>>> print(open('data_36.csv').read())   # CSV, C-alpha atoms
chain,number,residue,atom,x,y,z
K,83,MET,CA,-15.9,-12.2,18.0
K,84,ILE,CA,-12.5,-10.6,17.3
K,85,PRO,CA,-12.9,-8.8,13.9
K,86,LEU,CA,-10.2,-7.7,11.6
K,87,MET,CA,-10.7,-4.2,12.8
K,88,LYS,CA,-13.0,-3.1,15.7
K,89,ASN,CA,-13.6,0.6,14.9
K,90,ALA,CA,-13.6,2.9,11.9
K,91,PHE,CA,-11.2,5.2,13.6
K,92,LEU,CA,-8.7,5.3,16.5
K,93,ASN,CA,-10.4,7.1,19.4
K,94,GLU,CA,-13.7,6.7,17.6
K,95,TYR,CA,-16.1,8.7,19.7
K,96,GLU,CA,-13.7,11.7,19.9
K,97,THR,CA,-13.0,11.5,16.1
K,98,LYS,CA,-16.7,11.3,15.2
K,99,LYS,CA,-17.6,14.2,17.4
K,100,ALA,CA,-14.8,16.3,15.9
K,101,LEU,CA,-15.9,15.3,12.4
K,102,SER,CA,-19.5,16.3,13.0
K,103,GLU,CA,-18.4,19.7,14.3
K,104,PHE,CA,-16.1,20.2,11.3
K,105,ILE,CA,-18.9,19.3,8.8
K,106,MET,CA,-21.4,21.7,10.5
K,107,LYS,CA,-18.9,24.6,10.4
K,108,SER,CA,-17.5,24.0,6.9
K,109,GLU,CA,-18.6,26.1,4.0
K,110,LYS,CA,-16.9,23.8,1.5
K,111,LEU,CA,-16.6,20.0,1.6
K,112,SER,CA,-15.1,19.4,-1.8
K,113,MET,CA,-11.3,19.2,-2.1
K,114,HIS,CA,-9.8,22.3,-0.6
K,115,GLU,CA,-7.6,23.6,2.3
K,116,LYS,CA,-7.9,20.6,4.7
K,117,CYS,CA,-6.7,18.2,1.9
K,118,ALA,CA,-3.7,20.4,1.3
K,119,GLU,CA,-2.9,20.6,5.0
K,120,PHE,CA,-3.1,16.8,5.3
K,121,GLU,CA,-0.8,16.5,2.3
K,122,ASN,CA,1.8,18.8,3.8
K,123,ALA,CA,1.6,17.1,7.2
K,124,PHE,CA,1.8,13.6,5.8
K,125,ALA,CA,4.8,14.4,3.5
K,126,LYS,CA,6.6,15.8,6.5
K,127,LYS,CA,5.8,12.7,8.6
K,128,GLN,CA,6.9,10.3,5.9
K,129,GLY,CA,10.0,12.4,5.1
K,130,ARG,CA,9.2,13.1,1.5
K,131,LYS,CA,9.0,16.4,-0.4
K,132,GLU,CA,5.6,15.8,-1.9
K,133,ALA,CA,2.3,14.1,-1.0
K,134,ILE,CA,-0.7,13.9,-3.2
K,135,LEU,CA,-4.1,12.9,-1.7
K,136,PHE,CA,-6.5,10.6,-3.5
K,137,ASN,CA,-9.9,9.1,-2.8
K,138,SER,CA,-8.4,5.6,-2.2
K,139,GLY,CA,-5.2,3.7,-2.2
K,140,GLY,CA,-6.3,1.9,-5.3
K,141,SER,CA,-6.8,5.1,-7.1
K,142,ALA,CA,-3.3,6.2,-6.0
K,143,ASN,CA,-1.9,3.0,-7.6
K,144,LEU,CA,-3.7,3.6,-10.9
K,145,ALA,CA,-2.7,7.2,-10.9
K,146,MET,CA,1.0,6.4,-10.5
K,147,LEU,CA,1.0,4.2,-13.6
K,148,GLN,CA,-1.0,6.7,-15.6
K,149,ALA,CA,1.4,9.5,-14.6
K,150,LEU,CA,4.4,7.4,-15.7
K,151,LYS,CA,2.7,6.8,-19.1
K,152,ASN,CA,1.8,10.5,-19.5
K,153,MET,CA,5.4,11.4,-18.8
K,154,GLY,CA,6.7,9.0,-21.3
K,155,TYR,CA,8.5,6.9,-18.7
K,156,LEU,CA,6.3,3.9,-19.7
K,157,LYS,CA,4.5,3.0,-22.9
K,158,GLU,CA,2.0,0.4,-23.8
K,159,GLY,CA,3.6,-3.0,-24.1
K,160,ASP,CA,6.3,-2.3,-21.5
K,161,LYS,CA,7.0,-5.0,-18.9
K,162,VAL,CA,6.2,-4.2,-15.3
K,163,GLY,CA,7.3,-6.6,-12.6
K,164,PHE,CA,5.1,-6.9,-9.5
K,165,SER,CA,5.0,-8.8,-6.2
K,166,ALA,CA,3.2,-12.0,-7.0
K,167,LEU,CA,1.8,-12.0,-3.4
K,168,THR,CA,-0.2,-8.8,-3.5
K,169,TRP,CA,-3.6,-7.2,-3.7
K,170,SER,CA,-5.7,-6.7,-6.8
K,171,THR,CA,-5.2,-2.9,-7.1
K,172,ASN,CA,-1.5,-3.5,-7.4
K,173,THR,CA,-1.9,-5.7,-10.4
K,174,MET,CA,-5.0,-4.5,-12.2
K,175,PRO,CA,-3.6,-1.1,-13.1
K,176,ILE,CA,-0.7,-2.8,-14.9
K,177,ILE,CA,-3.2,-4.5,-17.2
K,178,GLN,CA,-5.5,-1.5,-17.4
K,179,MET,CA,-2.6,0.6,-18.6
K,180,GLY,CA,-1.8,-1.8,-21.5
K,181,LEU,CA,1.4,-2.9,-19.8
K,182,ILE,CA,2.6,-6.5,-19.4
K,183,PRO,CA,2.6,-7.8,-15.9
K,184,ILE,CA,5.5,-10.0,-14.8
K,185,PRO,CA,5.1,-11.7,-11.4
K,186,ILE,CA,8.1,-11.9,-9.1
K,187,ASP,CA,8.2,-14.6,-6.4
K,188,CYS,CA,8.6,-13.7,-2.7
K,189,GLU,CA,10.7,-14.9,0.2
K,190,LEU,CA,8.9,-17.2,2.7
K,191,GLU,CA,10.7,-15.6,5.7
K,192,THR,CA,9.7,-12.0,4.9
K,193,LEU,CA,6.6,-12.5,2.7
K,194,ASN,CA,8.2,-10.0,0.3
K,195,VAL,CA,10.1,-9.8,-3.0
K,196,GLY,CA,13.8,-9.3,-2.3
K,197,SER,CA,16.8,-8.5,-4.4
K,198,LYS,CA,17.5,-12.3,-4.9
K,199,GLN,CA,14.1,-12.9,-6.4
K,200,LEU,CA,14.4,-9.9,-8.7
K,201,ILE,CA,17.8,-10.9,-9.9
K,202,GLU,CA,16.6,-14.4,-10.5
K,203,ARG,CA,13.7,-13.1,-12.7
K,204,LEU,CA,16.1,-10.8,-14.7
K,205,SER,CA,18.5,-13.7,-15.2
K,206,LYS,CA,15.8,-15.5,-17.2
K,207,GLY,CA,16.3,-12.9,-20.0
K,208,ILE,CA,13.4,-10.7,-19.1
K,209,THR,CA,13.9,-7.0,-19.3
K,210,LEU,CA,11.7,-5.0,-16.9
K,211,ASN,CA,10.8,-1.3,-17.5
K,212,ALA,CA,9.4,-0.9,-14.0
K,213,LEU,CA,8.8,-2.8,-10.7
K,214,PHE,CA,5.6,-2.3,-8.7
K,215,LEU,CA,6.7,-3.6,-5.3
K,216,THR,CA,4.2,-4.4,-2.6
K,217,ASN,CA,5.5,-4.1,1.0
K,218,VAL,CA,3.4,-6.9,2.5
K,219,LEU,CA,1.6,-6.7,5.8
K,220,GLY,CA,4.2,-4.4,7.4
K,221,PHE,CA,7.2,-6.5,6.4
K,222,VAL,CA,9.9,-5.7,3.8
K,223,SER,CA,12.9,-7.7,2.5
K,224,ASP,CA,16.2,-6.1,1.6
K,225,ILE,CA,14.5,-3.3,-0.1
K,226,TRP,CA,17.6,-1.1,-0.2
K,227,GLU,CA,19.4,-3.8,-2.2
K,228,LEU,CA,16.4,-4.2,-4.4
K,229,LYS,CA,16.5,-0.5,-5.2
K,230,ARG,CA,20.2,-0.8,-6.2
K,231,VAL,CA,19.3,-3.7,-8.6
K,232,CYS,CA,16.6,-1.5,-10.1
K,233,GLN,CA,19.0,1.4,-10.6
K,234,GLU,CA,21.6,-0.8,-12.2
K,235,ASN,CA,19.1,-2.2,-14.6
K,236,ASN,CA,17.2,1.1,-15.4
K,237,ILE,CA,14.0,-0.2,-13.8
K,238,ILE,CA,11.6,2.4,-12.4
K,239,LEU,CA,10.8,1.3,-8.8
K,240,ILE,CA,7.4,2.3,-7.3
K,241,GLU,CA,6.0,1.0,-4.0
K,242,ASP,CA,2.6,0.0,-2.8
K,243,ASN,CA,3.1,0.8,0.9
K,244,CYS,CA,-0.6,0.6,1.8
K,245,GLU,CA,0.1,-2.2,4.3
K,246,SER,CA,3.3,-0.9,5.8
K,247,LEU,CA,2.8,2.7,6.9
K,248,GLY,CA,5.3,3.3,9.7
K,249,THR,CA,7.7,0.3,9.1
K,250,GLU,CA,11.3,1.5,9.2
K,251,THR,CA,14.7,-0.1,8.4
K,252,PRO,CA,18.1,1.3,9.3
K,253,LYS,CA,18.3,2.3,5.6
K,254,GLY,CA,15.1,4.2,5.5
K,255,LYS,CA,11.3,4.0,5.8
K,256,ALA,CA,9.1,1.7,3.8
K,257,GLY,CA,7.6,3.8,1.1
K,258,ASN,CA,10.7,5.9,0.6
K,259,PHE,CA,12.8,3.7,-1.7
K,260,GLY,CA,11.0,4.2,-5.0
K,261,LEU,CA,10.2,7.1,-7.3
K,262,GLY,CA,6.8,7.1,-5.5
K,263,ALA,CA,4.8,5.1,-3.1
K,264,SER,CA,1.1,4.7,-2.4
K,265,PHE,CA,-0.6,4.6,1.0
K,266,SER,CA,-4.1,3.6,2.0
K,267,PHE,CA,-6.4,5.1,4.7
K,268,PHE,CA,-9.2,2.6,4.3
K,269,VAL,CA,-10.9,1.8,7.6
K,270,ALA,CA,-9.0,-1.4,8.3
K,271,HIS,CA,-5.6,0.2,7.7
K,272,HIS,CA,-3.1,1.9,10.0
K,273,MET,CA,-5.1,5.1,10.1
K,274,SER,CA,-8.5,5.7,8.6
K,275,THR,CA,-10.2,8.4,6.6
K,276,ILE,CA,-13.0,6.0,5.7
K,277,GLU,CA,-11.7,5.8,2.2
K,278,GLY,CA,-8.6,7.6,1.0
K,279,GLY,CA,-5.1,7.2,-0.3
K,280,MET,CA,-1.8,9.1,-0.8
K,281,VAL,CA,1.2,9.1,-3.1
K,282,CYS,CA,4.5,10.4,-1.7
K,283,THR,CA,7.5,11.3,-3.8
K,284,ASP,CA,10.6,13.5,-3.9
K,285,ASP,CA,10.2,14.1,-7.7
K,286,GLU,CA,8.4,17.4,-8.4
K,287,ASP,CA,7.6,16.5,-12.0
K,288,PHE,CA,6.0,13.2,-11.0
K,289,ALA,CA,4.0,15.0,-8.2
K,290,GLU,CA,2.9,17.6,-10.8
K,291,MET,CA,1.7,15.0,-13.2
K,292,LEU,CA,-0.1,13.1,-10.4
K,293,ARG,CA,-2.1,16.2,-9.6
K,294,ILE,CA,-3.1,16.5,-13.3
K,295,VAL,CA,-4.1,12.8,-13.4
K,296,ARG,CA,-6.0,13.1,-10.1
K,297,ALA,CA,-8.3,15.8,-11.5
K,298,ASN,CA,-9.5,15.1,-15.0
K,299,GLY,CA,-6.2,16.1,-16.7
K,300,TRP,CA,-6.5,19.9,-15.9
K,301,ASP,CA,-4.2,22.3,-14.1
K,302,ARG,CA,-6.5,23.7,-11.4
K,303,ASN,CA,-4.5,22.2,-8.5
K,304,LEU,CA,-1.1,23.1,-9.7
K,305,THR,CA,1.0,26.1,-8.6
K,306,ALA,CA,0.7,29.3,-10.5
K,307,LYS,CA,4.2,28.7,-12.0
K,308,GLN,CA,3.2,25.2,-13.1
K,309,GLN,CA,0.0,26.5,-14.6
K,310,ILE,CA,1.8,29.1,-16.7
K,311,LYS,CA,4.1,26.4,-18.0
K,312,TRP,CA,1.3,24.2,-19.2
K,313,ARG,CA,-0.8,27.1,-20.6
K,314,LYS,CA,2.1,28.5,-22.5
K,315,LYS,CA,3.0,25.1,-23.9
K,316,TYR,CA,-0.5,24.7,-25.4
K,317,GLY,CA,-1.3,28.3,-26.2
K,318,ILE,CA,-4.0,28.8,-23.6
K,319,LYS,CA,-4.5,32.6,-23.5
K,320,SER,CA,-6.8,33.1,-20.5
K,321,GLU,CA,-8.0,31.8,-17.2
K,322,PHE,CA,-11.4,31.4,-18.8
K,323,GLU,CA,-10.1,29.0,-21.4
K,324,ALA,CA,-7.9,27.1,-18.8
K,325,LYS,CA,-11.0,26.2,-16.8
K,326,TYR,CA,-12.0,23.5,-19.2
K,327,THR,CA,-8.6,22.6,-20.8
K,328,PHE,CA,-7.4,19.0,-20.3
K,329,TYR,CA,-3.7,18.5,-20.9
K,330,ASP,CA,-3.3,14.8,-20.5
K,331,LEU,CA,-5.2,11.6,-19.5
K,332,GLY,CA,-6.6,11.6,-16.1
K,333,PHE,CA,-9.5,10.6,-13.8
K,334,ASN,CA,-11.6,12.0,-11.1
K,335,PHE,CA,-9.8,10.7,-8.1
K,336,ARG,CA,-10.2,13.7,-5.9
K,337,PRO,CA,-10.8,13.3,-2.2
K,338,THR,CA,-13.1,15.5,-0.1
K,339,GLU,CA,-12.4,17.9,2.8
K,340,ILE,CA,-13.8,15.1,5.1
K,341,THR,CA,-10.8,13.0,4.0
K,342,GLY,CA,-8.4,15.8,4.7
K,343,PHE,CA,-9.9,16.6,8.1
K,344,LEU,CA,-9.9,12.9,9.2
K,345,GLY,CA,-6.3,12.4,8.0
K,346,LEU,CA,-5.1,15.4,10.0
K,347,TYR,CA,-7.0,14.3,13.0
K,348,GLN,CA,-6.0,10.7,12.9
K,349,MET,CA,-2.3,11.5,12.5
K,350,GLN,CA,-2.1,12.6,16.1
K,351,PHE,CA,-2.6,8.9,17.1
K,352,LEU,CA,-0.4,7.3,14.5
K,353,ASP,CA,2.8,6.8,16.5
K,354,GLU,CA,1.1,5.2,19.4
K,355,ASN,CA,-1.0,3.1,17.0
K,356,ILE,CA,2.2,1.7,15.3
K,357,GLN,CA,3.9,1.1,18.6
K,358,LEU,CA,1.0,-0.9,19.9
K,359,ARG,CA,0.8,-3.0,16.7
K,360,GLU,CA,4.4,-3.9,17.0
K,361,LYS,CA,4.0,-4.8,20.7
K,362,ASN,CA,1.0,-7.0,19.9
K,363,TYR,CA,2.9,-8.8,17.2
K,364,LEU,CA,6.0,-9.4,19.2
K,365,GLN,CA,4.0,-10.8,22.1
K,366,LEU,CA,2.2,-13.2,19.8
K,367,GLU,CA,5.4,-14.1,17.9
K,368,LYS,CA,7.0,-15.4,21.1
K,369,ILE,CA,4.3,-18.1,21.1
K,370,MET,CA,4.6,-18.8,17.4
K,371,GLN,CA,8.3,-19.3,17.9
K,372,THR,CA,7.6,-22.3,20.2
K,373,ASN,CA,5.4,-24.0,17.7
K,374,THR,CA,7.1,-26.2,15.1
K,375,ASP,CA,4.0,-26.2,12.9
K,376,PHE,CA,4.8,-22.6,11.8
K,377,VAL,CA,7.4,-21.1,9.4
K,378,GLN,CA,9.0,-18.3,11.4
K,379,LEU,CA,9.1,-14.9,9.8
K,380,GLN,CA,12.3,-12.8,9.9
K,381,HIS,CA,12.5,-9.1,10.7
K,382,GLU,CA,15.9,-8.5,12.3
K,383,HIS,CA,16.6,-6.1,9.4
K,384,ILE,CA,13.5,-4.0,10.4
K,385,SER,CA,14.0,-1.4,13.2
K,386,LEU,CA,10.3,-0.6,13.5
K,387,LEU,CA,7.7,-3.2,12.5
K,388,SER,CA,4.4,-1.6,11.8
K,389,THR,CA,2.4,-4.8,11.3
K,390,PHE,CA,-0.8,-4.5,9.3
K,391,ALA,CA,-2.0,-7.9,10.7
K,392,ILE,CA,-0.8,-11.1,12.3
K,393,PRO,CA,0.4,-13.4,9.6
K,394,ILE,CA,0.5,-17.2,10.3
K,395,VAL,CA,2.5,-19.4,8.0
K,396,CYS,CA,1.8,-23.1,8.5
K,397,LYS,CA,4.2,-25.8,7.1
K,398,THR,CA,1.5,-27.8,5.3
K,399,PRO,CA,-2.0,-27.2,3.9
K,400,GLU,CA,-3.3,-29.7,6.5
K,401,LEU,CA,-1.9,-27.7,9.3
K,402,ARG,CA,-3.5,-24.6,7.9
K,403,GLU,CA,-6.9,-26.3,8.0
K,404,LYS,CA,-6.2,-27.2,11.6
K,405,TYR,CA,-5.4,-23.7,12.6
K,406,LEU,CA,-8.2,-22.1,10.5
K,407,SER,CA,-10.6,-24.3,12.5
K,408,GLN,CA,-9.1,-23.2,15.8
K,409,PHE,CA,-9.3,-19.5,14.9
K,410,SER,CA,-12.8,-19.7,13.5
K,411,GLY,CA,-13.9,-21.8,16.5
K,412,ALA,CA,-12.6,-19.1,18.8
K,413,GLY,CA,-14.5,-16.4,17.0
K,414,ILE,CA,-11.4,-14.8,15.4
K,415,GLU,CA,-12.0,-13.3,11.9
K,416,ILE,CA,-9.4,-14.5,9.5
K,417,ARG,CA,-8.4,-13.9,5.9
K,418,PRO,CA,-6.2,-15.6,3.2
K,419,MET,CA,-2.7,-14.4,2.8
K,420,ILE,CA,-3.8,-11.3,0.8
K,421,ALA,CA,-4.8,-12.6,-2.6
K,422,GLY,CA,-2.3,-15.4,-2.6
K,423,ASN,CA,-0.7,-16.2,-5.9
K,424,MET,CA,-2.2,-13.4,-8.1
K,425,GLN,CA,-1.9,-15.7,-11.2
K,426,LYS,CA,-4.6,-17.9,-9.7
K,427,GLN,CA,-7.2,-15.0,-9.7
K,428,PRO,CA,-10.0,-15.2,-12.3
K,429,PHE,CA,-9.3,-11.7,-13.7
K,430,TYR,CA,-5.6,-12.4,-14.1
K,431,LYS,CA,-6.2,-15.7,-16.0
K,432,LYS,CA,-8.7,-13.8,-18.3
K,433,TYR,CA,-6.2,-11.1,-19.4
K,434,VAL,CA,-2.8,-12.7,-19.0
K,435,GLN,CA,-1.8,-15.8,-20.9
K,436,GLN,CA,1.8,-16.5,-19.7
K,437,GLU,CA,2.2,-18.2,-16.3
K,438,TYR,CA,5.4,-18.3,-14.2
K,439,ASP,CA,6.6,-20.7,-11.6
K,440,LEU,CA,6.3,-19.1,-8.2
K,441,PRO,CA,7.0,-21.8,-5.6
K,442,ASN,CA,7.2,-19.5,-2.5
K,443,THR,CA,4.1,-17.6,-3.4
K,444,ASP,CA,2.3,-20.9,-4.0
K,445,PHE,CA,3.4,-22.1,-0.6
K,446,LEU,CA,1.9,-19.0,1.1
K,447,HIS,CA,-1.2,-19.3,-1.1
K,448,TYR,CA,-2.0,-22.7,0.3
K,449,ASN,CA,-0.4,-22.6,3.8
K,450,ALA,CA,-0.9,-19.1,5.2
K,451,PHE,CA,-3.5,-16.8,6.6
K,452,TYR,CA,-3.8,-13.8,8.9
K,453,CYS,CA,-5.9,-12.2,11.6
K,454,GLY,CA,-6.3,-8.6,12.7
K,455,ASN,CA,-3.8,-6.5,14.7
K,456,TYR,CA,-4.8,-3.1,16.0
K,457,PRO,CA,-4.5,-1.0,19.2
K,458,GLU,CA,-8.0,-1.9,20.4
K,459,LEU,CA,-7.1,-5.6,20.9
K,460,SER,CA,-7.7,-6.2,24.6
K,461,VAL,CA,-5.8,-8.4,27.0
K,462,THR,CA,-8.6,-10.9,26.6
K,463,ASP,CA,-8.4,-10.7,22.8
K,464,LEU,CA,-4.7,-11.3,22.8
K,465,GLU,CA,-5.1,-14.3,25.2
K,466,THR,CA,-7.7,-15.7,22.8
K,467,ILE,CA,-5.5,-15.4,19.8
K,468,SER,CA,-2.6,-16.8,21.8
K,469,SER,CA,-4.6,-19.9,22.8
K,470,CYS,CA,-5.0,-20.7,19.1
K,471,LEU,CA,-1.2,-20.4,18.4
K,472,TYR,CA,0.0,-23.0,20.8
K,473,LYS,CA,0.7,-26.6,19.6
K,474,TYR,CA,-1.5,-29.1,21.3
>>> encode(input="data_36.csv", output="structure tokens")
Amino acid sequence: MIPLMKNAFLNEYETKKALSEFIMKSEKLSMHEKCAEFENAFAKKQGRKEAILFNSGGSANLAMLQALKNMGYLKEGDKVGFSALTWSTNTMPIIQMGLIPIPIDCELETLNVGSKQLIERLSKGITLNALFLTNVLGFVSDIWELKRVCQENNIILIEDNCESLGTETPKGKAGNFGLGASFSFFVAHHMSTIEGGMVCTDDEDFAEMLRIVRANGWDRNLTAKQQIKWRKKYGIKSEFEAKYTFYDLGFNFRPTEITGFLGLYQMQFLDENIQLREKNYLQLEKIMQTNTDFVQLQHEHISLLSTFAIPIVCKTPELREKYLSQFSGAGIEIRPMIAGNMQKQPFYKKYVQQEYDLPNTDFLHYNAFYCGNYPELSVTDLETISSCLYKY
């Protein structure tokens, strides 16, 4: 069996041993110094001013939209575009926040929303207040042009970069084009803290509100200067009163010190992890390029491809069934192309009445799937996957 992910952590034994020692020595395991250290290290690695750690990538997504509402950047009834090929926690927060979701079709060759697709949606007379972009499976489209279109149309751009940590273009890193971007550290992602997520941003006000949203709406995790600002604004006269003062809508999305420790520890392996993922993908891509049953993905505009998985796009549903059988028969764990066309999901149909034509997303919904890609794939594993990609 070749699973989607073999281990919970990179260098699993070493990591578990270090974690057990950390737990035994720690006096405090609720959110504290290790979380702050991880935030600082991750912000530096990503090249952003601020990083805010959450208990999951899904929580990070919900917190971004709540923060935008709290700040008055979005209000109930505003229209938020989203990548139609995505994951549930990119779309559900739009509905949960009382916003109107507007799906945007993707490109077949990159799996992602590009500037062309956004312009096409806007040309239909739809005014978007924000765009929640998913960077799919380590790939991106012309995200720098998409950012320009958003700026020209006063659209707030935020990114779900949970599947593309480490991907780089000559114009910048995936996750650095929007006001903020979410990252996930779930066990099957590029690096694992078991559960965990992050938002990175260069906007200090947005970061401040995210910290308020993360912890019940209070100010305990703000700087002293920020605390004074909020307490003065609402007439809070003492530290005693401030302990249970809640300034705006929030959740309990706090991580633990275990999350912080694991994040710091796993970061030392991240560069090698990304390089091995790219190497694996490029090796398998050479075989896919010889097979006329597949649609070939384009990534010439990407300088470092941090693939989350190995996407396989077949030209017909019948061919997908053929290759699904080959992969399953070889003991390779496979998944649909994320959640396919999000409009077809039961929750979406329940809460959203209007449906849009999304031909490329539909094509991927019916014709594509993926298998795992990670550093622990052995030579034998790669040979087994390769054998399923040849045309017979």
>>> residues_around(input="data_36.csv", residues="Cys117 in chain K", least_positions_apart="5", cutoff="10 Å", atoms="all atoms listed in the file", output="list in words")
Ser112, Asn122, Ala123, Ile134, Leu135, Phe136, Arg336, Pro337, Thr338, Glu339, Ile340, Thr341, Gly342, Phe343, Leu344, Gly345 and Leu346 of chain K
>>> atom_distance(input="data_36.csv", atom1="CA of Arg402 in chain K", atom2="CA of Leu366 in chain K")
17.4 Å
>>> closest_residue(input="data_36.csv", among="K:Ser141, K:Ser460, K:Thr97, K:Asn423", to="Phe351 in chain K", atoms="only C-alpha atoms")
K:Thr97
>>> atom_distance(input="data_36.csv", atom1="CA of Asp301 in chain K", atom2="CA of Leu331 in chain K")
12.0 Å
>>> residues_around(input="data_36.csv", residues="Tyr448 in chain K", least_positions_apart="4", cutoff="12 Å", atoms="all atoms listed in the file", output="number ranges by chain")
K: 167, 394-403, 406, 418-423, 426, 441-444
>>> atom_distance(input="data_36.csv", atom1="CA of Val222 in chain K", atom2="CA of Asn194 in chain K")
5.8 Å
>>> residues_around(input="data_36.csv", residues="Thr192 in chain K", least_positions_apart="3", cutoff="10 Å", atoms="all atoms listed in the file", output="JSON, numbers by chain")
{"K": [188, 189, 195, 196, 217, 218, 219, 220, 221, 222, 223, 224, 378, 379, 380, 381]}
>>> residues_around(input="data_36.csv", residues="Thr374 in chain K", least_positions_apart="2", cutoff="10 Å", atoms="only C-alpha atoms", output="list in words")
Met370, Gln371, Thr372, Phe376, Val377, Gln378, Cys396, Lys397, Tyr472 and Lys473 of chain K
>>> residues_around(input="data_36.csv", residues="range 255-265 of chain K", least_positions_apart="4", cutoff="9 Å", atoms="all atoms listed in the file", output="number ranges by chain")
K: 128-130, 138-140, 142-143, 146, 215, 217, 220-222, 225-226, 229, 238-251, 278-285, 288-289
>>> closest_residue(input="data_36.csv", among="K:Asn303, K:Tyr456, K:Ala166, K:Leu156", to="Gln357 in chain K", atoms="all atoms listed in the file")
K:Tyr456
>>> closest_residue(input="data_36.csv", among="K:Gly454, K:Gly154, K:Gly163, K:Pro252", to="Ile208 in chain K", atoms="all atoms listed in the file")
K:Gly163
>>> closest_residue(input="data_36.csv", among="K:Ser320, K:Glu286, K:Cys453, K:Ile276", to="Lys98 in chain K", atoms="all atoms listed in the file")
K:Ile276
>>> closest_residue(input="data_36.csv", among="K:Glu109, K:Glu458, K:Asp287, K:Asp187", to="Glu354 in chain K", atoms="all atoms listed in the file")
K:Glu458
>>> closest_residue(input="data_36.csv", among="K:Ala270, K:Leu386, K:Val295, K:Asp330", to="Lys361 in chain K", atoms="only C-alpha atoms")
K:Leu386
